[in-house]
>>> print(open('structure27.txt').read())   # compact mmCIF, C-alpha atoms
# COMPACT_ATOMS: atom_id res chain seq x y z
CA MET A 17 24.95 -1.90 -10.83
CA SER A 18 21.96 0.44 -11.00
CA VAL A 19 21.42 2.61 -14.09
CA GLU A 20 20.32 5.56 -11.93
CA LYS A 21 22.93 7.59 -10.07
CA GLY A 22 20.59 10.31 -8.77
CA LYS A 23 19.26 10.25 -5.21
CA ILE A 24 16.00 11.49 -3.71
CA CYS A 25 14.99 12.13 -0.10
CA ASP A 26 11.97 10.92 1.90
CA LEU A 27 10.10 14.21 1.50
CA GLU A 28 10.55 14.10 -2.27
CA LEU A 29 9.26 10.52 -2.25
CA PHE A 30 6.19 11.71 -0.34
CA PHE A 31 5.45 14.43 -2.92
CA LEU A 32 6.14 12.14 -5.86
CA MET A 33 3.84 9.45 -4.45
CA THR A 34 1.07 11.99 -3.71
CA ALA A 35 1.28 13.50 -7.22
CA PHE A 36 1.27 10.00 -8.70
CA VAL A 37 -1.96 9.04 -6.89
CA GLN A 38 -3.50 12.43 -7.71
CA GLY A 39 -2.67 11.66 -11.35
CA SER A 40 -5.62 9.28 -11.32
CA LEU A 41 -8.16 12.13 -10.82
CA LEU A 42 -9.46 11.40 -14.32
CA LEU A 43 -10.19 7.88 -13.16
CA ILE A 44 -12.94 9.11 -10.85
CA ASP A 45 -14.97 10.02 -13.93
CA PHE A 46 -14.25 6.65 -15.44
CA THR A 47 -15.38 4.70 -12.36
CA VAL A 48 -18.57 6.70 -11.78
CA SER A 49 -20.40 4.82 -14.57
CA LEU A 50 -19.97 1.67 -12.45
CA THR A 51 -20.15 2.85 -8.88
CA GLU A 52 -22.41 5.93 -9.18
CA HIS A 53 -23.04 7.65 -5.81
CA GLN A 54 -20.98 5.03 -3.94
CA THR A 55 -17.70 6.09 -5.56
CA TRP A 56 -16.44 7.58 -2.29
CA MET A 57 -16.96 4.24 -0.54
CA VAL A 58 -15.13 2.39 -3.29
CA ILE A 59 -12.15 4.76 -2.96
CA LEU A 60 -11.90 4.09 0.77
CA ALA A 61 -12.32 0.34 0.33
CA GLY A 62 -9.75 0.30 -2.50
CA LEU A 63 -7.32 2.16 -0.27
CA ALA A 64 -7.86 -0.29 2.59
CA VAL A 65 -7.33 -3.29 0.27
CA SER A 66 -4.17 -1.91 -1.34
CA LEU A 67 -2.54 -0.59 1.85
CA PRO A 68 -0.84 -3.87 2.94
CA PHE A 69 0.48 -4.39 -0.59
CA VAL A 70 1.93 -0.88 -0.78
CA LEU A 71 3.57 -1.61 2.59
CA SER A 72 5.09 -4.74 1.03
CA TYR A 73 6.60 -2.59 -1.77
CA ALA A 74 8.20 -0.32 0.82
CA ALA A 75 9.37 -3.30 2.90
CA LEU A 76 10.91 -4.87 -0.21
CA SER A 77 12.88 -1.72 -0.97
CA LYS A 78 14.07 -1.55 2.66
CA ARG A 79 15.28 -5.14 2.43
CA PHE A 80 17.15 -4.47 -0.81
CA PRO A 81 18.48 -0.92 -0.34
CA GLY A 82 19.72 0.84 -3.47
CA MET A 83 18.22 -1.77 -5.80
CA ASN A 84 15.39 -1.55 -8.28
CA VAL A 85 12.83 -4.27 -8.99
CA VAL A 86 14.78 -5.74 -11.95
CA GLN A 87 17.84 -6.27 -9.73
CA ILE A 88 15.66 -7.64 -6.91
CA ASN A 89 13.98 -10.13 -9.29
CA ASP A 90 17.39 -11.33 -10.52
CA ILE A 91 18.58 -11.93 -6.95
CA VAL A 92 15.42 -13.57 -5.62
CA TYR A 93 14.23 -15.62 -8.60
CA GLY A 94 17.51 -16.18 -10.44
CA ARG A 95 18.64 -14.75 -13.76
CA PHE A 96 16.14 -16.59 -16.01
CA LEU A 97 12.87 -16.42 -14.03
CA GLY A 98 13.86 -13.00 -12.70
CA LYS A 99 14.18 -11.65 -16.23
CA ILE A 100 10.79 -13.08 -17.23
CA ILE A 101 9.15 -11.37 -14.23
CA SER A 102 10.98 -8.14 -15.11
CA LEU A 103 9.61 -8.38 -18.67
CA TYR A 104 6.12 -8.64 -17.18
CA TYR A 105 6.81 -5.40 -15.26
CA ILE A 106 8.06 -3.74 -18.45
CA LEU A 107 4.90 -4.80 -20.32
CA PHE A 108 2.81 -3.34 -17.48
CA TYR A 109 4.70 -0.02 -17.54
CA LEU A 110 4.38 0.26 -21.31
CA MET A 111 0.68 -0.64 -21.45
CA THR A 112 -0.32 1.62 -18.53
CA LEU A 113 1.70 4.46 -20.00
CA SER A 114 -0.08 4.04 -23.33
CA PHE A 115 -3.48 4.11 -21.56
CA ASN A 116 -2.57 7.34 -19.75
CA THR A 117 -1.19 8.98 -22.89
CA LEU A 118 -4.43 8.05 -24.64
CA ASP A 119 -6.39 9.54 -21.70
CA VAL A 120 -4.67 12.89 -22.15
CA SER A 121 -5.34 13.05 -25.87
CA GLU A 122 -8.98 11.96 -25.36
CA LEU A 123 -9.35 14.67 -22.70
CA TYR A 124 -8.10 17.34 -25.10
CA LEU A 125 -10.05 16.03 -28.08
CA THR A 126 -13.34 15.76 -26.17
CA PHE A 127 -13.29 18.94 -24.13
CA LEU A 128 -10.80 21.40 -25.50
CA MET A 129 -9.73 20.97 -29.14
CA PRO A 130 -12.05 18.52 -30.94
CA ASP A 131 -10.70 19.29 -34.45
CA ALA A 132 -7.02 18.76 -33.68
CA PRO A 133 -5.30 15.58 -34.98
CA PHE A 134 -5.42 12.73 -32.49
CA VAL A 135 -1.77 11.64 -32.69
CA PHE A 136 -0.49 15.21 -32.40
CA PHE A 137 -1.36 15.44 -28.69
CA MET A 138 0.24 12.09 -28.01
CA ALA A 139 3.46 13.03 -29.81
CA VAL A 140 3.76 16.39 -28.00
CA PHE A 141 2.90 14.81 -24.66
CA ALA A 142 5.37 11.93 -25.14
CA ALA A 143 8.10 14.41 -26.14
CA ALA A 144 7.48 16.47 -22.99
CA VAL A 145 7.53 13.33 -20.82
CA ALA A 146 10.72 12.08 -22.53
CA TYR A 147 12.42 15.44 -21.96
CA ALA A 148 11.44 15.47 -18.26
CA VAL A 149 12.66 11.89 -17.76
CA SER A 150 15.97 12.63 -19.51
CA LYS A 151 16.69 15.08 -16.67
CA GLY A 152 16.63 12.20 -14.17
CA ILE A 153 14.66 11.19 -11.10
CA GLU A 154 16.23 13.92 -8.94
CA VAL A 155 14.74 16.70 -11.05
CA LEU A 156 11.34 15.00 -11.26
CA ALA A 157 11.24 14.51 -7.49
CA ARG A 158 12.43 18.06 -6.80
CA ILE A 159 9.54 19.61 -8.76
CA SER A 160 6.86 17.14 -7.66
CA HIS A 161 5.62 19.39 -4.83
CA LEU A 162 4.40 21.89 -7.44
CA PHE A 163 2.20 19.21 -8.97
CA VAL A 164 0.88 18.24 -5.55
CA ILE A 165 -0.08 21.87 -4.89
CA VAL A 166 -2.04 22.04 -8.17
CA GLY A 167 -3.62 18.65 -7.45
CA ALA A 168 -4.73 19.80 -3.99
CA VAL A 169 -5.72 23.43 -4.66
CA VAL A 170 -8.03 22.68 -7.61
CA PRO A 171 -10.23 20.05 -5.89
CA ILE A 172 -10.33 21.98 -2.60
CA SER A 173 -11.12 25.38 -4.17
CA THR A 174 -13.80 23.98 -6.50
CA PHE A 175 -15.28 22.05 -3.55
CA ILE A 176 -15.56 25.27 -1.52
CA LEU A 177 -17.01 27.22 -4.46
CA LEU A 178 -19.66 24.54 -5.00
CA ILE A 179 -20.72 24.08 -1.37
CA ASP A 180 -23.96 26.04 -1.84
CA GLN A 181 -25.01 23.67 -4.64
CA MET A 182 -24.31 20.47 -2.75
CA ASP A 183 -27.03 18.10 -1.61
CA PHE A 184 -25.67 15.42 0.70
CA SER A 185 -28.85 13.35 0.50
CA ASP A 186 -27.52 12.31 -2.93
CA PHE A 187 -25.24 9.86 -1.11
CA LEU A 188 -28.25 7.82 0.01
CA PRO A 189 -29.17 5.01 -0.08
CA LEU A 190 -25.96 3.36 0.99
CA PHE A 191 -25.13 -0.14 -0.32
CA GLU A 192 -27.56 0.09 -3.21
CA LEU A 193 -25.20 -1.28 -5.86
CA PRO A 194 -25.03 -5.00 -6.69
CA ALA A 195 -22.12 -6.67 -4.90
CA ILE A 196 -20.31 -7.56 -8.13
CA LYS A 197 -20.26 -3.91 -9.27
CA LEU A 198 -19.02 -2.83 -5.88
CA PHE A 199 -16.31 -5.50 -6.04
CA GLN A 200 -15.30 -4.40 -9.55
CA GLY A 201 -15.19 -0.77 -8.40
CA ILE A 202 -13.00 -1.68 -5.43
CA HIS A 203 -10.76 -3.71 -7.73
CA ILE A 204 -10.40 -0.73 -10.11
CA MET A 205 -9.57 1.59 -7.22
CA ALA A 206 -7.17 -0.85 -5.57
CA ALA A 207 -5.43 -1.48 -8.89
CA ILE A 208 -5.27 1.86 -10.66
CA PRO A 209 -4.58 4.75 -8.28
CA PHE A 210 -3.11 2.71 -5.44
CA GLY A 211 -1.80 -0.58 -6.83
CA GLU A 212 -0.01 1.22 -9.67
CA THR A 213 2.36 2.56 -7.02
CA VAL A 214 4.17 -0.75 -7.63
CA THR A 215 5.97 1.38 -10.23
CA PHE A 216 7.84 2.98 -7.32
CA LEU A 217 9.80 -0.26 -6.96
CA MET A 218 11.94 1.22 -9.75
CA ILE A 219 12.38 4.45 -7.78
CA LEU A 220 12.65 3.43 -4.11
CA GLY A 221 16.19 2.19 -4.72
CA SER A 222 17.20 5.80 -5.39
CA LEU A 223 16.38 6.94 -1.84
CA ASN A 224 19.44 8.43 -0.16
CA LYS A 225 18.33 7.09 3.23
CA ASN A 226 15.66 4.46 3.61
CA ARG A 227 14.83 5.03 7.25
CA HIS A 228 11.39 6.58 6.64
CA THR A 229 10.45 4.86 3.37
CA VAL A 230 7.30 3.27 4.80
CA ARG A 231 6.15 6.47 6.46
CA SER A 232 6.72 8.62 3.33
CA ALA A 233 5.03 6.11 1.02
CA LEU A 234 2.02 5.77 3.30
CA ALA A 235 1.68 9.53 3.80
CA GLY A 236 1.86 10.06 0.03
CA LEU A 237 -0.73 7.38 -0.61
CA LEU A 238 -3.14 8.79 1.99
CA THR A 239 -2.75 12.42 0.84
CA GLY A 240 -3.41 11.40 -2.76
CA ALA A 241 -6.43 9.34 -1.65
CA ILE A 242 -7.87 12.34 0.22
CA CYS A 243 -7.72 14.40 -3.01
CA LEU A 244 -9.50 11.62 -4.92
CA LEU A 245 -12.10 11.47 -2.17
CA ILE A 246 -12.72 15.24 -2.29
CA VAL A 247 -13.35 15.02 -6.05
CA ALA A 248 -15.70 12.02 -5.69
CA VAL A 249 -17.69 13.68 -2.88
CA ARG A 250 -17.89 16.98 -4.80
CA ASN A 251 -19.17 15.34 -7.98
CA THR A 252 -21.78 13.21 -6.21
CA ALA A 253 -23.03 16.03 -3.96
CA VAL A 254 -23.32 18.48 -6.86
CA LEU A 255 -24.54 16.27 -9.70
CA GLY A 256 -26.38 13.57 -7.76
CA ARG A 257 -27.68 10.69 -9.85
CA THR A 258 -26.98 12.54 -13.09
CA GLN A 259 -23.22 12.18 -12.62
CA SER A 260 -23.16 8.82 -14.39
CA VAL A 261 -24.74 10.44 -17.48
CA TRP A 262 -21.94 12.94 -18.11
CA THR A 263 -18.75 12.08 -20.00
CA SER A 264 -16.79 13.90 -17.30
CA PRO A 265 -18.60 14.64 -14.02
CA SER A 266 -15.60 16.71 -12.87
CA PHE A 267 -15.87 19.08 -15.82
CA GLN A 268 -19.65 19.22 -15.49
CA SER A 269 -19.70 19.97 -11.77
CA THR A 270 -17.08 22.73 -11.99
CA ARG A 271 -18.95 24.27 -14.92
CA LEU A 272 -21.79 24.95 -12.46
CA ILE A 273 -19.66 27.35 -10.42
CA ASP A 274 -21.19 30.80 -10.70
CA ILE A 275 -20.19 33.33 -8.07
CA GLY A 276 -22.01 36.58 -8.88
CA ASN A 277 -21.54 36.08 -12.65
CA VAL A 278 -17.84 36.81 -12.08
CA LEU A 279 -16.35 33.45 -11.26
CA THR A 280 -17.76 31.19 -13.98
CA ARG A 281 -16.50 28.52 -16.40
CA MET A 282 -14.03 27.20 -13.85
CA ASP A 283 -13.79 23.89 -15.71
CA PHE A 284 -10.52 25.05 -17.25
CA LEU A 285 -8.99 24.50 -13.79
CA VAL A 286 -9.94 20.83 -13.99
CA GLY A 287 -8.35 20.64 -17.46
CA ILE A 288 -5.11 22.16 -16.17
CA ALA A 289 -5.00 19.99 -13.06
CA GLN A 290 -5.70 16.78 -14.95
CA THR A 291 -3.07 17.56 -17.60
CA VAL A 292 -0.27 18.33 -15.15
CA LEU A 293 -1.13 15.43 -12.86
CA ILE A 294 -1.29 12.87 -15.66
CA PHE A 295 1.99 14.36 -16.86
CA ILE A 296 3.80 13.61 -13.59
CA LYS A 297 2.19 10.17 -13.41
CA CYS A 298 3.35 9.40 -16.96
CA CYS A 299 6.83 10.73 -16.11
CA VAL A 300 7.05 8.21 -13.24
CA PHE A 301 5.84 5.40 -15.51
CA PHE A 302 8.16 6.38 -18.34
CA TYR A 303 11.09 6.67 -15.96
CA ALA A 304 10.30 3.18 -14.64
CA LEU A 305 10.03 1.87 -18.20
CA VAL A 306 13.34 3.28 -19.46
CA THR A 307 15.28 2.31 -16.34
CA ALA A 308 13.78 -1.21 -16.32
CA VAL A 309 14.62 -1.75 -20.02
CA SER A 310 18.15 -0.39 -19.51
CA GLN A 311 18.70 -2.47 -16.38
CA LEU A 312 17.45 -5.60 -18.13
CA LEU A 313 19.77 -5.02 -21.09
CA GLY A 314 22.71 -4.24 -18.80
CA LEU A 315 23.23 -0.69 -20.08
CA LYS A 316 25.31 1.91 -18.25
CA THR A 317 22.76 4.69 -18.82
CA TYR A 318 19.11 4.89 -19.81
CA LEU A 319 19.46 8.02 -21.95
CA PRO A 320 19.89 6.28 -25.36
CA VAL A 321 16.62 4.34 -25.05
CA ILE A 322 14.42 7.32 -24.09
CA LEU A 323 13.58 8.60 -27.57
CA PRO A 324 12.98 5.24 -29.30
CA LEU A 325 10.76 4.14 -26.41
CA ALA A 326 8.84 7.45 -26.64
CA GLY A 327 8.30 6.71 -30.36
CA ILE A 328 6.99 3.21 -29.58
CA LEU A 329 4.77 4.67 -26.84
CA VAL A 330 3.09 7.14 -29.23
CA ILE A 331 2.19 4.43 -31.77
CA LEU A 332 1.08 2.04 -29.05
CA ALA A 333 -1.16 4.71 -27.49
CA ALA A 334 -2.64 5.52 -30.89
CA THR A 335 -3.46 1.90 -31.72
CA VAL A 336 -4.09 0.21 -28.36
CA PHE A 337 -7.86 0.76 -28.42
CA GLN A 338 -10.19 1.25 -31.36
CA SER A 339 -12.56 3.69 -29.62
CA PRO A 340 -13.17 5.37 -26.24
CA VAL A 341 -15.90 2.74 -25.58
CA ASP A 342 -13.40 -0.04 -26.28
CA HIS A 343 -10.94 1.78 -23.97
CA ALA A 344 -13.44 1.96 -21.08
CA GLU A 345 -14.69 -1.62 -21.46
CA ILE A 346 -11.28 -3.30 -21.69
CA THR A 347 -9.68 -1.17 -18.96
CA GLN A 348 -12.53 -1.92 -16.53
CA SER A 349 -12.03 -5.64 -17.03
CA THR A 350 -8.87 -7.06 -18.67
CA GLY A 351 -6.91 -3.88 -17.91
CA ILE A 352 -7.19 -4.47 -14.17
CA ILE A 353 -7.13 -8.28 -14.21
CA TYR A 354 -3.83 -8.78 -16.07
CA SER A 355 -1.94 -6.69 -13.52
CA VAL A 356 -3.26 -8.51 -10.42
CA PRO A 357 -0.24 -10.86 -10.03
CA LEU A 358 2.15 -7.99 -10.52
CA MET A 359 0.59 -5.75 -7.88
CA PHE A 360 -0.85 -8.15 -5.36
CA VAL A 361 1.06 -11.43 -5.66
CA ILE A 362 4.66 -10.96 -6.86
CA PRO A 363 5.86 -8.23 -4.40
CA PRO A 364 4.65 -10.01 -1.21
CA LEU A 365 5.87 -13.33 -2.64
CA THR A 366 9.28 -11.81 -3.41
CA LEU A 367 9.46 -10.53 0.15
CA LEU A 368 8.56 -13.98 1.50
CA VAL A 369 11.07 -15.81 -0.72
CA ALA A 370 13.78 -13.29 0.22
CA LYS A 371 13.04 -13.85 3.90
CA ILE A 372 13.08 -17.65 3.58
CA ARG A 373 16.30 -17.65 1.53
CA GLY A 374 17.90 -15.00 3.74
CA LEU A 375 18.41 -12.58 0.86
CA PRO A 376 20.19 -10.33 0.20
CA GLN A 377 23.29 -12.14 1.46
CA ARG A 378 25.71 -9.83 3.21
CA LYS A 379 29.32 -9.90 2.00
CA ARG A 380 31.53 -11.58 4.58
CA GLY A 381 34.54 -9.82 5.95
CA GLY A 382 33.77 -6.53 4.29
CA GLY A 383 32.12 -4.85 7.24
CA LYS A 384 35.08 -3.69 9.29
CA MET B 19 5.05 10.53 -43.85
CA ILE B 20 7.66 13.27 -44.34
CA ILE B 21 7.15 14.30 -40.71
CA VAL B 22 7.90 10.72 -39.59
CA PHE B 23 11.20 10.73 -41.53
CA LEU B 24 12.12 14.16 -40.18
CA VAL B 25 11.35 13.20 -36.57
CA TYR B 26 13.37 9.99 -36.81
CA ALA B 27 16.28 11.70 -38.58
CA PHE B 28 16.31 14.29 -35.78
CA MET B 29 16.30 11.46 -33.21
CA LEU B 30 19.31 9.88 -34.90
CA VAL B 31 21.24 13.17 -35.01
CA LEU B 32 20.44 13.82 -31.36
CA VAL B 33 21.46 10.44 -29.91
CA LEU B 34 23.88 8.65 -32.22
CA PRO B 35 26.98 10.94 -32.15
CA GLY B 36 27.14 10.85 -28.34
CA ILE B 37 26.95 7.05 -28.15
CA VAL B 38 29.61 6.55 -30.85
CA LYS B 39 31.89 9.16 -29.29
CA ARG B 40 31.72 7.44 -25.89
CA LYS B 41 32.14 4.02 -27.59
CA GLU B 42 29.10 2.63 -25.79
CA TRP B 43 28.52 -0.33 -28.12
CA ARG B 44 25.95 -2.12 -25.96
CA GLU B 45 23.96 1.12 -25.72
CA LEU B 46 24.29 1.52 -29.50
CA ALA B 47 22.87 -1.98 -30.06
CA ALA B 48 19.93 -1.33 -27.69
CA PHE B 49 19.23 2.04 -29.29
CA SER B 50 19.40 0.58 -32.81
CA VAL B 51 16.94 -2.25 -32.10
CA LEU B 52 14.42 0.01 -30.35
CA TYR B 53 14.88 2.72 -32.99
CA VAL B 54 14.11 0.27 -35.83
CA ILE B 55 11.00 -1.02 -33.99
CA ALA B 56 9.75 2.54 -33.36
CA PHE B 57 10.49 3.62 -36.94
CA VAL B 58 8.74 0.62 -38.53
CA LEU B 59 5.69 1.09 -36.29
CA SER B 60 5.54 4.81 -37.13
CA VAL B 61 5.78 4.16 -40.89
CA LEU B 62 3.05 1.51 -40.67
CA TYR B 63 0.86 3.95 -38.74
CA ALA B 64 1.52 6.77 -41.21
CA LEU B 65 0.61 4.45 -44.11
CA ASP B 66 -2.64 3.46 -42.35
CA ILE B 67 -1.59 -0.18 -42.18
CA PRO B 68 -3.38 -1.81 -39.19
CA ILE B 69 -1.06 -2.52 -36.26
CA PRO B 70 -2.25 -5.34 -33.96
CA SER B 71 -2.91 -4.10 -30.43
CA PRO B 72 -1.22 -6.10 -27.64
CA MET B 73 -4.21 -5.26 -25.44
CA LYS B 74 -6.52 -7.13 -27.83
CA GLY B 75 -4.29 -10.19 -27.47
CA LEU B 76 -4.27 -9.84 -23.67
CA ASP B 77 -8.04 -9.38 -23.68
CA TYR B 78 -8.45 -12.54 -25.77
CA LEU B 79 -6.16 -14.50 -23.43
CA ILE B 80 -7.74 -13.28 -20.19
CA SER B 81 -11.43 -13.01 -21.17
CA ASP B 82 -11.87 -15.71 -23.80
CA ILE B 83 -9.29 -18.37 -22.94
CA LEU B 84 -9.01 -18.02 -19.15
CA GLY B 85 -12.62 -16.82 -18.78
CA LEU B 86 -11.62 -14.08 -16.32
CA LYS B 87 -13.94 -11.14 -16.82
CA TYR B 88 -16.48 -9.00 -15.03
CA PRO B 89 -20.10 -9.25 -16.19
CA LYS B 90 -21.26 -6.28 -18.29
>>> encode(input="structure27.txt", output="structure tokens")
Amino acid sequence: MSVEKGKICDLELFFLMTAFVQGSLLLIDFTVSLTEHQTWMVILAGLAVSLPFVLSYAALSKRFPGMNVVQINDIVYGRFLGKIISLYYILFYLMTLSFNTLDVSELYLTFLMPDAPFVFFMAVFAAAVAYAVSKGIEVLARISHLFVIVGAVVPISTFILLIDQMDFSDFLPLFELPAIKLFQGIHIMAAIPFGETVTFLMILGSLNKNRHTVRSALAGLLTGAICLLIVAVRNTAVLGRTQSVWTSPSFQSTRLIDIGNVLTRMDFLVGIAQTVLIFIKCCVFFYALVTAVSQLLGLKTYLPVILPLAGILVILAATVFQSPVDHAEITQSTGIIYSVPLMFVIPPLTLLVAKIRGLPQRKRGGGK
Amino acid sequence: MIIVFLVYAFMLVLVLPGIVKRKEWRELAAFSVLYVIAFVLSVLYALDIPIPSPMKGLDYLISDILGLKYPK
């Protein structure tokens, strides 16, 4: 029995998936130090690499309609191994959520309110996320289009306003980076904005009809990727080689907007967009976390575990890394390596095992 | 420290009566375990007692033991 009773439609899945991918806009800044002016290429390559795996997530949910990943693991791998794999998913949700919560507080501390206490932002943010998740997946999905609008309007409008300052020769020379850096960049892109959509395995079971699951998931992934691409192209064309020097190329490039001394200091738009988009991304992760924990423990509802898990999240986010440098270094290496089996091995393997074993078995005699 | 106690007391007031009223004992057990973990971690953090990061352990396992890492 699933812990979630709410249902969402294909269109809501599309918006939720788009907003989720857009939630990694901050990641563009984080990858630029590695991939410099080839960030746009790395986004496209990361998308191409992750596409078949995202398709496997959608195929898995079509094969097991109405079930989340914890239930699927129990059926395919048995109760013991299935629970161990589900614990791995829970660890992934919790760790990624703590990284994103830390990202929000670092964003506010660095650019907006440097004197405010560090843990304060995390506590307020976690409380807001917990409140949103307590309303259920239906409410989150129903409002997700608003987040998509913010996530699309800000990059597009700032791109247009900066067109006169763009120099497209900054994209040359192509293929200048060492292969290992390019590979690492592609791995980051395939894992973080796109591979993290593995979280939707906790949500896809809530679809009211799963006829267009693949189409909605793919459309959401591509729309989100286009937004990431717009941001990467804007930053490189405006800042050129200097983009790897800035803490946040997105803030720096939008600060350069000056239309007749009237439209200036537009960087606040980036702050707003990044906050709301990380919020919806964290809501999806937190929803996946609480439903996975509740499903694993065999609870009837996930509501009682929301607040204690939010408390654990705040402390974990506050202590997970010692400094922003530590954060960047570990996330660019261990942070993307430990989740490889979970994103790129287990879902296709689960699909294969299910196919070989003929799972899920249909109940005999119950069809008529 | 007082804020930690207030926040956790508020959490208890908000969640506990509903669970007891509905006699959801499994939910009560799950809530209690997670609540105690969260409370202990928060008190340790408020008292400035170092809390080991799970990411450090993962980093040690993946980078140092398994040797899986990207060159700097």
>>> closest_atom_pairs(input="structure27.txt", of="chain A", to="chain B", cutoff="9 Å", atoms="only C-alpha atoms", output="tab-separated table")
residue	atom	partner	partner_atom	distance
A:Met111	CA	B:Met73	CA	7.8
A:Ile196	CA	B:Tyr88	CA	8.0
A:Lys197	CA	B:Tyr88	CA	8.6
A:Gln200	CA	B:Tyr88	CA	7.3
A:Ser310	CA	B:Ala48	CA	8.4
A:Leu313	CA	B:Ala48	CA	7.6
A:Gly314	CA	B:Arg44	CA	8.1
A:Leu315	CA	B:Glu45	CA	6.0
A:Lys316	CA	B:Glu45	CA	7.6
A:Thr317	CA	B:Glu45	CA	7.9
A:Tyr318	CA	B:Glu45	CA	8.5
A:Leu319	CA	B:Val33	CA	8.6
A:Pro320	CA	B:Phe49	CA	5.8
A:Val321	CA	B:Phe49	CA	5.5
A:Ile322	CA	B:Phe49	CA	8.8
A:Leu323	CA	B:Met29	CA	6.9
A:Pro324	CA	B:Tyr53	CA	4.9
A:Leu325	CA	B:Leu52	CA	6.8
A:Ala326	CA	B:Ala56	CA	8.4
A:Gly327	CA	B:Ala56	CA	5.3
A:Ile328	CA	B:Ala56	CA	4.7
A:Leu329	CA	B:Ala56	CA	8.5
A:Val330	CA	B:Ser60	CA	8.6
A:Ile331	CA	B:Ser60	CA	6.3
A:Leu332	CA	B:Ser71	CA	7.5
A:Ala334	CA	B:Tyr63	CA	8.7
A:Thr335	CA	B:Ser71	CA	6.2
A:Val336	CA	B:Ser71	CA	4.9
A:Phe337	CA	B:Ser71	CA	7.2
A:Glu345	CA	B:Lys90	CA	8.7
A:Ile346	CA	B:Asp77	CA	7.2
A:Gln348	CA	B:Tyr88	CA	8.2
A:Ser349	CA	B:Lys87	CA	5.8
A:Thr350	CA	B:Asp77	CA	5.6
A:Gly351	CA	B:Asp77	CA	8.1
A:Ile353	CA	B:Leu86	CA	7.6
A:Tyr354	CA	B:Ile80	CA	7.2
>>> residues_around(input="structure27.txt", residues="Leu193 of chain A", least_positions_apart="2", cutoff="12 Å", atoms="only C-alpha atoms", output="ChimeraX atom specification")
/A:48-55,57-58,188-191,195-201
>>> closest_atom_pairs(input="structure27.txt", of="segment 162-242 of chain A", to="segment 146-156 of chain A", cutoff="12 Å", atoms="all atoms listed in the file", output="JSON lines")
{"residue": "A:Leu162", "atom": "CA", "partner": "A:Leu156", "partner_atom": "CA", "distance": 10.5}
{"residue": "A:Phe163", "atom": "CA", "partner": "A:Leu156", "partner_atom": "CA", "distance": 10.3}
{"residue": "A:Phe216", "atom": "CA", "partner": "A:Ile153", "partner_atom": "CA", "distance": 11.3}
{"residue": "A:Met218", "atom": "CA", "partner": "A:Ile153", "partner_atom": "CA", "distance": 10.4}
{"residue": "A:Ile219", "atom": "CA", "partner": "A:Ile153", "partner_atom": "CA", "distance": 7.9}
{"residue": "A:Leu220", "atom": "CA", "partner": "A:Ile153", "partner_atom": "CA", "distance": 10.6}
{"residue": "A:Gly221", "atom": "CA", "partner": "A:Ile153", "partner_atom": "CA", "distance": 11.1}
{"residue": "A:Ser222", "atom": "CA", "partner": "A:Ile153", "partner_atom": "CA", "distance": 8.3}
{"residue": "A:Leu223", "atom": "CA", "partner": "A:Glu154", "partner_atom": "CA", "distance": 10.0}
{"residue": "A:Asn224", "atom": "CA", "partner": "A:Glu154", "partner_atom": "CA", "distance": 10.8}
>>> write_last_selection(input="structure27.txt", atoms="C-alpha atoms", output="PDB file, in the frame of the given file")
ATOM      1  CA  LEU A 162       4.400  21.890  -7.440  1.00  0.00           C
ATOM      2  CA  PHE A 163       2.200  19.210  -8.970  1.00  0.00           C
ATOM      3  CA  PHE A 216       7.840   2.980  -7.320  1.00  0.00           C
ATOM      4  CA  MET A 218      11.940   1.220  -9.750  1.00  0.00           C
ATOM      5  CA  ILE A 219      12.380   4.450  -7.780  1.00  0.00           C
ATOM      6  CA  LEU A 220      12.650   3.430  -4.110  1.00  0.00           C
ATOM      7  CA  GLY A 221      16.190   2.190  -4.720  1.00  0.00           C
ATOM      8  CA  SER A 222      17.200   5.800  -5.390  1.00  0.00           C
ATOM      9  CA  LEU A 223      16.380   6.940  -1.840  1.00  0.00           C
ATOM     10  CA  ASN A 224      19.440   8.430  -0.160  1.00  0.00           C
TER      11      ASN A 224
END
>>> atom_distance(input="structure27.txt", atom1="atom CA of Thr280 of chain A", atom2="atom CA of His161 of chain A")
27.7 Å
>>> closest_residue(input="structure27.txt", among="A:Met33, A:Ile159, A:Gln87, A:Gln259", to="Thr47 of chain A", atoms="only C-alpha atoms")
A:Gln259
>>> atom_distance(input="structure27.txt", atom1="atom CA of Gly39 of chain A", atom2="atom CA of Ala253 of chain A")
22.1 Å
>>> residues_around(input="structure27.txt", residues="Phe36 of chain A", least_positions_apart="4", cutoff="9 Å", atoms="only C-alpha atoms", output="number ranges by chain")
A: 31-32, 40, 164, 209, 212-213, 236-237, 240, 293-294, 296-298, 300
>>> decode(input="structure27.txt", residues="segment 126-139 of chain A", atoms="C-alpha atoms", output="mmCIF file, in the first residue's frame")
data_model
loop_
_atom_site.group_PDB
_atom_site.id
_atom_site.type_symbol
_atom_site.label_atom_id
_atom_site.label_comp_id
_atom_site.auth_asym_id
_atom_site.auth_seq_id
_atom_site.Cartn_x
_atom_site.Cartn_y
_atom_site.Cartn_z
ATOM 1 C CA THR A 126 27.384 35.535 0.147
ATOM 2 C CA PHE A 127 25.219 37.871 -1.886
ATOM 3 C CA LEU A 128 22.347 39.199 0.153
ATOM 4 C CA MET A 129 22.720 39.101 3.952
ATOM 5 C CA PRO A 130 26.340 38.373 4.935
ATOM 6 C CA ASP A 131 25.858 39.170 8.658
ATOM 7 C CA ALA A 132 22.858 36.917 9.255
ATOM 8 C CA PRO A 133 23.360 33.654 11.217
ATOM 9 C CA PHE A 134 24.126 30.703 8.968
ATOM 10 C CA VAL A 135 21.710 28.178 10.488
ATOM 11 C CA PHE A 136 18.830 30.673 10.503
ATOM 12 C CA PHE A 137 18.375 30.480 6.712
ATOM 13 C CA MET A 138 18.489 26.706 6.789
ATOM 14 C CA ALA A 139 15.886 26.474 9.558
#
